>>> print(open('structure_24.cif').read())   # mmCIF, C-alpha atoms
data_coords
loop_
_atom_site.label_atom_id
_atom_site.label_comp_id
_atom_site.auth_asym_id
_atom_site.auth_seq_id
_atom_site.Cartn_x
_atom_site.Cartn_y
_atom_site.Cartn_z
CA MET C 1 -3.66 -20.02 12.11
CA LYS C 2 -6.66 -19.26 9.89
CA ILE C 3 -6.33 -15.97 8.02
CA GLY C 4 -8.90 -13.52 6.73
CA ILE C 5 -8.20 -10.83 4.14
CA ILE C 6 -10.57 -7.90 3.76
CA GLY C 7 -9.96 -5.96 0.55
CA ILE C 8 -9.15 -7.92 -2.60
CA GLY C 9 -7.67 -5.24 -4.82
CA MET C 10 -4.39 -5.73 -6.68
CA LEU C 11 -2.32 -6.02 -3.50
CA GLY C 12 -4.93 -7.94 -1.52
CA GLU C 13 -5.31 -10.52 -4.27
CA ALA C 14 -1.54 -11.03 -4.49
CA VAL C 15 -1.18 -11.42 -0.71
CA ALA C 16 -4.08 -13.89 -0.64
CA LEU C 17 -2.67 -15.97 -3.51
CA ASN C 18 0.74 -16.11 -1.84
CA LEU C 19 -0.77 -17.33 1.44
CA LEU C 20 -2.96 -19.88 -0.36
CA ASN C 21 0.08 -21.15 -2.25
CA SER C 22 1.86 -21.46 1.10
CA GLY C 23 -0.88 -23.78 2.37
CA TYR C 24 -2.83 -21.41 4.63
CA ASP C 25 -6.57 -21.55 5.16
CA VAL C 26 -7.75 -18.15 3.83
CA ALA C 27 -11.17 -16.47 4.02
CA VAL C 28 -11.78 -13.26 2.07
CA TYR C 29 -14.26 -10.42 1.79
CA ASN C 30 -14.49 -7.67 -0.80
CA ARG C 31 -17.28 -5.18 -1.28
CA THR C 32 -17.25 -5.97 -5.03
CA LYS C 33 -17.59 -9.74 -4.97
CA GLU C 34 -16.40 -10.20 -8.57
CA LYS C 35 -12.86 -9.33 -7.46
CA THR C 36 -12.71 -12.48 -5.33
CA ILE C 37 -13.11 -14.88 -8.28
CA GLU C 38 -9.41 -15.63 -8.78
CA VAL C 39 -8.66 -16.28 -5.10
CA GLU C 40 -11.80 -18.42 -4.78
CA LYS C 41 -10.52 -20.57 -7.65
CA LYS C 42 -7.32 -21.14 -5.64
CA GLY C 43 -9.23 -22.26 -2.55
CA ALA C 44 -10.14 -19.12 -0.61
CA LYS C 45 -13.49 -19.09 1.17
CA VAL C 46 -15.50 -16.03 0.13
CA MET C 47 -17.50 -14.50 2.98
CA ASP C 48 -20.46 -12.12 2.79
CA SER C 49 -19.30 -9.59 5.40
CA PRO C 50 -16.29 -8.56 7.53
CA LYS C 51 -18.22 -9.92 10.53
CA THR C 52 -18.39 -13.39 8.94
CA VAL C 53 -14.68 -13.29 8.19
CA ALA C 54 -13.97 -12.41 11.82
CA GLU C 55 -16.08 -15.31 13.07
CA ASN C 56 -14.01 -17.83 11.09
CA VAL C 57 -10.37 -16.77 11.47
CA GLU C 58 -7.72 -15.86 14.04
CA LEU C 59 -5.96 -13.15 12.04
CA ILE C 60 -7.58 -10.56 9.76
CA ILE C 61 -5.47 -8.53 7.34
CA ILE C 62 -7.18 -5.35 6.13
CA ILE C 63 -5.99 -4.00 2.77
CA VAL C 64 -8.31 -1.16 1.78
CA LYS C 65 -8.06 2.36 0.32
CA ASP C 66 -8.05 4.68 3.33
CA SER C 67 -8.97 5.18 6.98
CA ILE C 68 -12.65 5.70 6.10
CA ALA C 69 -12.73 2.25 4.49
CA VAL C 70 -10.81 0.73 7.43
CA LYS C 71 -13.38 2.10 9.88
CA GLU C 72 -16.27 0.95 7.71
CA VAL C 73 -15.16 -2.69 7.59
CA SER C 74 -14.10 -2.59 11.24
CA PHE C 75 -16.92 -0.75 13.01
CA GLY C 76 -19.74 -0.39 10.47
CA LYS C 77 -22.79 -2.59 9.93
CA ASN C 78 -21.69 -6.27 9.89
CA GLY C 79 -18.18 -5.05 10.69
CA ILE C 80 -15.38 -6.93 12.39
CA ILE C 81 -16.30 -5.90 15.94
CA GLU C 82 -19.81 -7.37 15.57
CA SER C 83 -18.27 -10.83 15.73
CA LYS C 84 -17.95 -12.50 19.11
CA ASN C 85 -14.40 -13.69 18.39
CA ARG C 86 -12.26 -12.19 21.14
CA LYS C 87 -9.12 -14.15 20.23
CA LEU C 88 -8.91 -12.22 17.00
CA ILE C 89 -5.91 -10.15 15.90
CA VAL C 90 -6.45 -7.45 13.26
CA ALA C 91 -3.49 -6.34 11.12
CA ASP C 92 -4.07 -3.27 8.96
CA MET C 93 -1.93 -3.08 5.79
CA SER C 94 -3.68 0.06 4.53
CA THR C 95 -1.69 3.31 4.23
CA ILE C 96 -3.23 5.76 6.71
CA ASP C 97 -1.89 8.43 9.03
CA SER C 98 -0.61 7.57 12.49
CA ILE C 99 -3.30 9.49 14.41
CA GLU C 100 -6.10 7.61 12.65
CA SER C 101 -4.23 4.35 13.17
CA LYS C 102 -3.99 4.96 16.92
CA ASN C 103 -7.67 5.90 17.15
CA ILE C 104 -8.68 2.74 15.28
CA ALA C 105 -6.43 0.63 17.55
CA ASN C 106 -8.06 2.19 20.64
CA GLN C 107 -11.53 1.40 19.34
CA PHE C 108 -10.53 -2.22 18.71
CA GLN C 109 -8.99 -2.38 22.19
CA GLN C 110 -12.29 -1.24 23.70
CA ASN C 111 -13.83 -4.27 22.00
CA HIS C 112 -11.07 -6.59 23.34
CA ILE C 113 -9.41 -7.04 19.93
CA GLN C 114 -5.69 -6.50 19.41
CA LYS C 115 -4.67 -4.46 16.37
CA LEU C 116 -1.36 -4.19 14.51
CA GLU C 117 -0.43 -1.84 11.69
CA ILE C 118 1.54 -3.59 8.94
CA PRO C 119 2.08 -1.25 5.96
CA VAL C 120 4.33 -2.69 3.25
CA MET C 121 6.65 -1.57 0.50
CA GLY C 122 6.34 -3.33 -2.84
CA GLY C 123 3.51 -4.01 -5.24
CA PRO C 124 1.50 -7.05 -6.34
CA ASN C 125 4.40 -8.25 -8.50
CA VAL C 126 6.51 -8.94 -5.40
CA ALA C 127 3.62 -9.70 -3.02
CA ILE C 128 2.74 -12.78 -5.05
CA THR C 129 6.11 -14.32 -4.12
CA GLY C 130 6.22 -13.03 -0.53
CA LYS C 131 8.97 -10.48 -1.14
CA LEU C 132 7.39 -7.38 0.32
CA VAL C 133 9.06 -5.27 3.01
CA MET C 134 6.80 -4.97 6.07
CA MET C 135 6.82 -2.44 8.89
CA VAL C 136 4.94 -3.47 12.04
CA SER C 137 3.73 -1.45 15.02
CA GLY C 138 1.50 -2.47 17.91
CA PRO C 139 1.44 -5.01 20.74
CA LYS C 140 4.58 -7.16 20.73
CA ASP C 141 2.72 -10.30 21.88
CA SER C 142 0.35 -10.02 18.92
CA PHE C 143 3.29 -9.53 16.57
CA ASP C 144 4.98 -12.64 17.98
CA GLN C 145 1.84 -14.70 17.33
CA CYS C 146 1.69 -13.55 13.70
CA LYS C 147 5.41 -13.37 12.90
CA THR C 148 5.51 -16.64 10.95
CA ILE C 149 2.68 -15.48 8.68
CA PHE C 150 4.21 -12.04 8.21
CA LYS C 151 7.45 -13.70 7.10
CA LYS C 152 5.49 -15.54 4.40
CA ILE C 153 4.14 -12.20 3.18
CA ALA C 154 7.41 -10.26 3.37
CA ASN C 155 11.06 -11.24 3.15
CA LYS C 156 11.95 -8.36 5.50
CA VAL C 157 9.84 -7.61 8.56
CA PHE C 158 10.67 -4.69 10.87
CA PHE C 159 8.99 -4.56 14.30
CA LEU C 160 9.08 -0.87 15.22
CA GLY C 161 7.25 -0.55 18.53
CA GLU C 162 4.10 1.34 19.44
CA GLN C 163 1.12 2.15 17.21
CA GLY C 164 1.71 4.93 14.69
CA ILE C 165 5.41 4.41 13.98
CA ALA C 166 4.99 2.03 11.05
CA ASN C 167 2.46 4.24 9.30
CA SER C 168 4.64 7.32 9.80
CA ILE C 169 7.58 5.52 8.17
CA LYS C 170 5.32 4.27 5.36
CA LEU C 171 4.32 7.85 4.54
CA ALA C 172 7.98 8.92 4.53
CA MET C 173 8.76 6.01 2.20
CA ASN C 174 5.97 6.96 -0.20
CA LEU C 175 7.28 10.52 -0.13
CA GLN C 176 10.56 9.14 -1.52
CA ILE C 177 8.68 7.27 -4.27
CA THR C 178 6.82 10.44 -5.22
CA MET C 179 9.99 12.48 -5.57
CA LEU C 180 11.88 9.78 -7.46
CA ALA C 181 9.06 9.41 -10.00
CA LEU C 182 8.98 13.15 -10.54
CA SER C 183 12.77 13.56 -10.81
CA LEU C 184 13.04 10.74 -13.35
CA SER C 185 10.11 12.18 -15.30
CA GLU C 186 11.74 15.60 -15.48
CA GLY C 187 15.19 14.20 -16.30
CA ILE C 188 13.84 12.05 -19.14
CA THR C 189 11.74 14.94 -20.48
CA LEU C 190 14.71 17.34 -20.38
CA LEU C 191 16.89 14.95 -22.38
CA LYS C 192 14.25 14.16 -24.98
CA LYS C 193 13.81 17.90 -25.59
CA ALA C 194 17.60 18.20 -25.90
CA ASN C 195 17.58 15.38 -28.52
CA VAL C 196 19.59 13.09 -26.23
CA ASP C 197 18.68 9.43 -25.78
CA PRO C 198 17.42 9.21 -22.17
CA LYS C 199 18.58 5.59 -21.99
CA ILE C 200 22.14 6.94 -21.95
CA PHE C 201 21.15 9.07 -18.96
CA LEU C 202 19.86 5.95 -17.16
CA GLU C 203 23.01 4.01 -18.00
CA VAL C 204 25.13 6.76 -16.44
CA LEU C 205 22.77 7.22 -13.47
CA ASN C 206 22.68 3.51 -12.73
CA SER C 207 26.48 3.34 -12.62
CA THR C 208 26.54 5.86 -9.75
CA TYR C 209 25.71 6.13 -6.09
CA PHE C 210 22.40 7.76 -7.04
CA LYS C 211 20.81 4.74 -8.72
CA THR C 212 17.57 3.32 -7.33
CA GLY C 213 15.37 0.33 -8.02
CA MET C 214 13.08 2.71 -9.90
CA SER C 215 15.90 4.02 -12.11
CA GLU C 216 17.07 0.46 -12.82
CA ASN C 217 13.63 -0.91 -13.69
CA LYS C 218 10.60 1.32 -14.07
CA ALA C 219 12.50 4.23 -15.65
CA PHE C 220 13.07 2.23 -18.85
CA LYS C 221 9.33 1.53 -19.01
CA MET C 222 8.69 5.25 -18.54
CA ILE C 223 10.80 5.99 -21.64
CA GLU C 224 8.81 3.42 -23.61
CA GLY C 225 5.44 4.71 -22.37
CA ASN C 226 4.69 1.46 -20.50
CA TYR C 227 2.65 2.27 -17.38
CA ASP C 228 1.13 -1.08 -16.38
CA ALA C 229 -0.08 -0.27 -12.90
CA THR C 230 1.38 -1.94 -9.84
CA PHE C 231 0.35 1.12 -7.78
CA THR C 232 -1.83 3.68 -9.50
CA LEU C 233 -1.18 7.38 -9.83
CA ALA C 234 -4.53 8.03 -8.10
CA ASN C 235 -3.58 5.85 -5.14
CA LEU C 236 -0.27 7.63 -4.72
CA LYS C 237 -2.10 10.99 -4.87
CA LYS C 238 -4.29 9.74 -2.00
CA ASP C 239 -1.16 8.96 0.03
CA ILE C 240 0.40 12.33 -0.87
CA THR C 241 -2.68 14.07 0.54
CA THR C 242 -2.28 12.00 3.71
CA MET C 243 1.33 13.24 3.90
CA THR C 244 0.37 16.89 3.52
CA ASN C 245 -2.44 16.54 6.09
CA THR C 246 -0.04 14.86 8.51
CA ALA C 247 2.48 17.68 8.02
CA LYS C 248 -0.25 20.21 8.94
CA ASP C 249 -1.16 18.20 12.04
CA LEU C 250 2.52 18.19 13.06
CA GLY C 251 2.88 21.91 12.39
CA ILE C 252 5.65 21.51 9.81
CA GLU C 253 6.17 22.63 6.22
CA LEU C 254 7.05 20.11 3.52
CA PRO C 255 7.15 22.36 0.45
CA MET C 256 8.18 19.73 -2.09
CA ILE C 257 5.44 17.25 -1.27
CA SER C 258 2.90 20.08 -1.27
CA LYS C 259 3.98 20.94 -4.82
CA ALA C 260 3.86 17.26 -5.75
CA GLU C 261 0.27 17.06 -4.50
CA GLU C 262 -0.67 19.84 -6.92
CA ILE C 263 1.10 18.10 -9.82
CA TYR C 264 -0.52 14.72 -9.14
CA LYS C 265 -3.94 16.36 -8.73
CA ASN C 266 -3.51 18.03 -12.12
CA ALA C 267 -2.47 14.71 -13.66
CA ILE C 268 -5.63 13.04 -12.35
CA ASN C 269 -7.70 15.88 -13.79
CA GLU C 270 -6.03 15.09 -17.12
CA GLY C 271 -7.40 11.53 -16.89
CA LEU C 272 -4.13 9.83 -15.90
CA GLY C 273 -5.21 8.46 -12.52
CA ASP C 274 -5.46 4.80 -13.57
CA LEU C 275 -1.89 4.69 -14.89
CA ASP C 276 0.97 3.43 -12.77
CA TYR C 277 2.27 6.26 -10.57
CA THR C 278 5.31 6.57 -12.89
CA GLY C 279 2.82 7.68 -15.55
CA ILE C 280 3.26 11.14 -14.02
CA ILE C 281 5.79 11.56 -16.84
CA GLU C 282 2.82 11.80 -19.23
CA TYR C 283 1.62 14.90 -17.41
CA ILE C 284 5.14 16.42 -17.55
CA LYS C 285 5.15 15.72 -21.29
CA ARG C 286 1.75 17.36 -21.79
CA ILE C 287 2.65 20.63 -20.10
CA ASN C 288 5.77 20.83 -22.29
CA LYS C 289 4.06 20.37 -25.66
#
>>> encode(input="structure_24.cif", output="C-alpha cells")
Amino acid sequence: MKIGIIGIGMLGEAVALNLLNSGYDVAVYNRTKEKTIEVEKKGAKVMDSPKTVAENVELIIIIVKDSIAVKEVSFGKNGIIESKNRKLIVADMSTIDSIESKNIANQFQQNHIQKLEIPVMGGPNVAITGKLVMMVSGPKDSFDQCKTIFKKIANKVFFLGEQGIANSIKLAMNLQITMLALSLSEGITLLKKANVDPKIFLEVLNSTYFKTGMSENKAFKMIEGNYDATFTLANLKKDITTMTNTAKDLGIELPMISKAEEIYKNAINEGLGDLDYTGIIEYIKRINK
C-alpha cells in the first residue's frame, strides 16, 4: 500500500521516517516545502498539493494543527477530494473535537472516500521507532485494510468503533497530560521555595502508586530547565481550548481544565509557547518571583 502524509511537522516527519525505514513507498506534502527536506533525503516523494498526493497513494495520513487545517487540505483548492482516486482511505491523526471529525468524515463520504480518525499518544521521539499508542475510529473495513500500517506506526492500536470516539478519548488523554505537567510544576516549585531538593520528591513519588511516565522522565528535565520540545506548550494550549469548547458543547463544567487554559494562555503571552509543554513550570516560577 502506497502511503501519503500531509503535514510534515515534528510528528509528521517522525512518522514518515519510520514508514520509510520500514520499506514503504511514501509521498508527502507540506505547505512549507523546506520541512520536507529530511524525508526527501530518505526517499519520500515530495508532492506539490494534497490533490497530487491523493492521486498517487492508497492511504493518506493527515497530521496538521487543527480542524481548519484538516478541512483546508481536504476540501480546499487542490485538496484531497479534487483527486479522482475513489479507492483512497484518509486517516486523520490531528487532534480535533469529535463533532468536527464527524462532519469531516461525512463530507469525505459524500465524495466516496472513507475516513478514519487515528489520534496518537506519544511524541516524535517514540514515533520514529513506531512506538506510539493509536486510537482508531471509523469504518471497520477501512481499519482492517490499514491495520498492518498502523501497527508499524504504533505498538498499541485500539479500534474503538464509530467516528468521534477516538478523538474524544484523545482529548481526555491530553487533559491528563495538562494536569500532570501542572501538578509536577507546582510540586517542584513548592519544594524549591522550601529549600528542599525536588529530586528527593521525585524519588519518593516514583516509588509509589502515583508515579507516571512524566514523573519518571520529563520531571527531572523540568528541574534542570531542559524543555526540548516534543510537543510544544502552544500546541497543548490549542488542545486545551478544544477541550473547553467540547465541554461547552456537551453542557458540562470542567473547572480544572478551564483554569489550566487560563494558565497556559498566560504562559504563551509570556513568550513560552515554543517550549515543551512541561515548560509551564517556567510560568509558575515567574509568578512566584
>>> atom_distance(input="structure_24.cif", atom1="CA of Tyr227 (chain C)", atom2="CA of Leu275 (chain C)")
5.7 Å
>>> residues_around(input="structure_24.cif", residues="Lys238 (chain C)", least_positions_apart="4", cutoff="9 Å", atoms="all atoms listed in the file", output="short mmCIF file (atom, residue, chain, number, x, y, z; two decimals) with C-alpha atoms, keeping the file's coordinate frame")
data_model
loop_
_atom_site.label_atom_id
_atom_site.label_comp_id
_atom_site.auth_asym_id
_atom_site.auth_seq_id
_atom_site.Cartn_x
_atom_site.Cartn_y
_atom_site.Cartn_z
CA LYS C 65 -8.06 2.36 0.32
CA ASP C 66 -8.05 4.68 3.33
CA LEU C 233 -1.18 7.38 -9.83
CA ALA C 234 -4.53 8.03 -8.10
CA THR C 242 -2.28 12.00 3.71
CA MET C 243 1.33 13.24 3.90
CA GLU C 261 0.27 17.06 -4.50
#
>>> residues_around(input="structure_24.cif", residues="Gly225 (chain C)", least_positions_apart="3", cutoff="10 Å", atoms="all atoms listed in the file", output="PyMOL selection string")
chain C and resi 219-222+228+278-279+281-282
>>> residues_near_point(input="structure_24.cif", point="(5.9, -4.3, 18.4)", cutoff="10 Å", atoms="all atoms listed in the file", output="list in words")
Leu116, Glu117, Met135, Val136, Ser137, Gly138, Pro139, Lys140, Asp141, Ser142, Phe143, Asp144, Phe158, Phe159, Leu160, Gly161, Glu162, Gln163, Ile165 and Ala166 of chain C
>>> residues_near_point(input="structure_24.cif", point="(4.9, 10.9, -1.6)", cutoff="7 Å", atoms="only C-alpha atoms", output="list in words")
Leu171, Asn174, Leu175, Gln176, Ile177, Thr178, Met179, Leu236, Asp239, Ile240, Met243 and Ile257 of chain C
>>> write_last_selection(input="structure_24.cif", atoms="C-alpha atoms", output="JSON list (two decimals), keeping the file's coordinate frame")
[["chain", "number", "residue", "atom", "x", "y", "z"],
["C", 171, "LEU", "CA", 4.32, 7.85, 4.54],
["C", 174, "ASN", "CA", 5.97, 6.96, -0.20],
["C", 175, "LEU", "CA", 7.28, 10.52, -0.13],
["C", 176, "GLN", "CA", 10.56, 9.14, -1.52],
["C", 177, "ILE", "CA", 8.68, 7.27, -4.27],
["C", 178, "THR", "CA", 6.82, 10.44, -5.22],
["C", 179, "MET", "CA", 9.99, 12.48, -5.57],
["C", 236, "LEU", "CA", -0.27, 7.63, -4.72],
["C", 239, "ASP", "CA", -1.16, 8.96, 0.03],
["C", 240, "ILE", "CA", 0.40, 12.33, -0.87],
["C", 243, "MET", "CA", 1.33, 13.24, 3.90],
["C", 257, "ILE", "CA", 5.44, 17.25, -1.27]]
>>> resolve_selection(input="structure_24.cif", expression="the PyMOL selection byres ((chain C and resi 39) around 9)", output="PyMOL selection string")
chain C and resi 8+13-14+16-17+20+28+35-38+40-46
>>> atom_distance(input="structure_24.cif", atom1="CA of Thr230 (chain C)", atom2="CA of Gly123 (chain C)")
5.5 Å
>>> residues_around(input="structure_24.cif", residues="Leu250 (chain C)", least_positions_apart="6", cutoff="12 Å", atoms="only C-alpha atoms", output="PyMOL selection string")
chain C and resi 97-99+168+243-244
>>> residues_around(input="structure_24.cif", residues="Leu11 (chain C)", least_positions_apart="5", cutoff="12 Å", atoms="only C-alpha atoms", output="VMD selection string")
chain C and resid 5 to 6 16 to 18 35 61 to 65 93 to 94 119 to 130 132 153 229 to 232
>>> residues_around(input="structure_24.cif", residues="Ile223 (chain C)", least_positions_apart="6", cutoff="12 Å", atoms="all atoms listed in the file", output="PyMOL selection string")
chain C and resi 184-189+191-192+197-202+215+217+278-282+285
>>> resolve_selection(input="structure_24.cif", expression="the PyMOL selection byres ((chain C and resi 109) around 12)", output="number ranges by chain")
C: 81, 86-90, 102-108, 110-116, 138-139
>>> closest_residue(input="structure_24.cif", among="C:Lys147, C:Ile80, C:Thr208, C:Lys152", to="Gly23 (chain C)", atoms="all atoms listed in the file")
C:Lys152
>>> atom_distance(input="structure_24.cif", atom1="CA of Val26 (chain C)", atom2="CA of Ala54 (chain C)")
11.6 Å
>>> closest_residue(input="structure_24.cif", among="C:Phe75, C:Tyr283, C:Phe150, C:Phe210", to="Val15 (chain C)", atoms="all atoms listed in the file")
C:Phe150
>>> closest_residue(input="structure_24.cif", among="C:Gly251, C:Ala172, C:Ile118, C:Ser74", to="Lys156 (chain C)", atoms="only C-alpha atoms")
C:Ile118
>>> closest_residue(input="structure_24.cif", among="C:Pro50, C:Gly164, C:Gly12, C:Gly7", to="Thr32 (chain C)", atoms="only C-alpha atoms")
C:Gly7
>>> resolve_selection(input="structure_24.cif", expression="the PyMOL selection byres ((chain C and resi 3) around 7)", output="number ranges by chain")
C: 1-2, 4-5, 25-27, 57-60
>>> closest_residue(input="structure_24.cif", among="C:Glu224, C:Glu262, C:Glu100, C:Glu72", to="Thr241 (chain C)", atoms="all atoms listed in the file")
C:Glu262
>>> build_atoms(input="structure_24.cif", residues="region 27-44 of chain C", atoms="N, CA and C atoms", output="PDB file, in the coordinates of the input")
ATOM      1  N   ALA C  27      -9.817 -16.961   4.288  1.00  0.00           N
ATOM      2  CA  ALA C  27     -11.170 -16.470   4.020  1.00  0.00           C
ATOM      3  C   ALA C  27     -11.062 -15.023   3.558  1.00  0.00           C
ATOM      4  N   VAL C  28     -11.894 -14.617   2.620  1.00  0.00           N
ATOM      5  CA  VAL C  28     -11.780 -13.260   2.070  1.00  0.00           C
ATOM      6  C   VAL C  28     -13.134 -12.579   2.018  1.00  0.00           C
ATOM      7  N   TYR C  29     -13.069 -11.237   2.034  1.00  0.00           N
ATOM      8  CA  TYR C  29     -14.260 -10.420   1.790  1.00  0.00           C
ATOM      9  C   TYR C  29     -13.842  -9.223   0.963  1.00  0.00           C
ATOM     10  N   ASN C  30     -14.664  -8.902  -0.026  1.00  0.00           N
ATOM     11  CA  ASN C  30     -14.490  -7.670  -0.800  1.00  0.00           C
ATOM     12  C   ASN C  30     -15.858  -7.114  -1.116  1.00  0.00           C
ATOM     13  N   ARG C  31     -15.979  -5.809  -1.032  1.00  0.00           N
ATOM     14  CA  ARG C  31     -17.280  -5.180  -1.280  1.00  0.00           C
ATOM     15  C   ARG C  31     -17.801  -5.529  -2.677  1.00  0.00           C
ATOM     16  N   THR C  32     -16.896  -5.523  -3.680  1.00  0.00           N
ATOM     17  CA  THR C  32     -17.250  -5.970  -5.030  1.00  0.00           C
ATOM     18  C   THR C  32     -16.859  -7.442  -5.144  1.00  0.00           C
ATOM     19  N   LYS C  33     -17.849  -8.313  -5.078  1.00  0.00           N
ATOM     20  CA  LYS C  33     -17.590  -9.740  -4.970  1.00  0.00           C
ATOM     21  C   LYS C  33     -16.849 -10.312  -6.176  1.00  0.00           C
ATOM     22  N   GLU C  34     -17.032  -9.696  -7.353  1.00  0.00           N
ATOM     23  CA  GLU C  34     -16.400 -10.200  -8.570  1.00  0.00           C
ATOM     24  C   GLU C  34     -14.866 -10.247  -8.445  1.00  0.00           C
ATOM     25  N   LYS C  35     -14.317  -9.378  -7.618  1.00  0.00           N
ATOM     26  CA  LYS C  35     -12.860  -9.330  -7.460  1.00  0.00           C
ATOM     27  C   LYS C  35     -12.302 -10.510  -6.672  1.00  0.00           C
ATOM     28  N   THR C  36     -13.176 -11.323  -6.101  1.00  0.00           N
ATOM     29  CA  THR C  36     -12.710 -12.480  -5.330  1.00  0.00           C
ATOM     30  C   THR C  36     -12.641 -13.752  -6.169  1.00  0.00           C
ATOM     31  N   ILE C  37     -12.999 -13.669  -7.447  1.00  0.00           N
ATOM     32  CA  ILE C  37     -13.110 -14.880  -8.280  1.00  0.00           C
ATOM     33  C   ILE C  37     -11.800 -15.650  -8.352  1.00  0.00           C
ATOM     34  N   GLU C  38     -10.688 -14.947  -8.605  1.00  0.00           N
ATOM     35  CA  GLU C  38      -9.410 -15.630  -8.780  1.00  0.00           C
ATOM     36  C   GLU C  38      -8.947 -16.316  -7.501  1.00  0.00           C
ATOM     37  N   VAL C  39      -9.107 -15.648  -6.355  1.00  0.00           N
ATOM     38  CA  VAL C  39      -8.660 -16.280  -5.100  1.00  0.00           C
ATOM     39  C   VAL C  39      -9.589 -17.419  -4.702  1.00  0.00           C
ATOM     40  N   GLU C  40     -10.869 -17.308  -5.064  1.00  0.00           N
ATOM     41  CA  GLU C  40     -11.800 -18.420  -4.780  1.00  0.00           C
ATOM     42  C   GLU C  40     -11.398 -19.644  -5.581  1.00  0.00           C
ATOM     43  N   LYS C  41     -10.976 -19.447  -6.827  1.00  0.00           N
ATOM     44  CA  LYS C  41     -10.520 -20.570  -7.650  1.00  0.00           C
ATOM     45  C   LYS C  41      -9.344 -21.295  -7.012  1.00  0.00           C
ATOM     46  N   LYS C  42      -8.516 -20.557  -6.273  1.00  0.00           N
ATOM     47  CA  LYS C  42      -7.320 -21.140  -5.640  1.00  0.00           C
ATOM     48  C   LYS C  42      -7.600 -21.699  -4.248  1.00  0.00           C
ATOM     49  N   GLY C  43      -8.864 -21.611  -3.812  1.00  0.00           N
ATOM     50  CA  GLY C  43      -9.230 -22.260  -2.550  1.00  0.00           C
ATOM     51  C   GLY C  43      -9.661 -21.341  -1.430  1.00  0.00           C
ATOM     52  N   ALA C  44      -9.690 -20.035  -1.659  1.00  0.00           N
ATOM     53  CA  ALA C  44     -10.140 -19.120  -0.610  1.00  0.00           C
ATOM     54  C   ALA C  44     -11.641 -19.261  -0.397  1.00  0.00           C
TER      55      ALA C  44
END
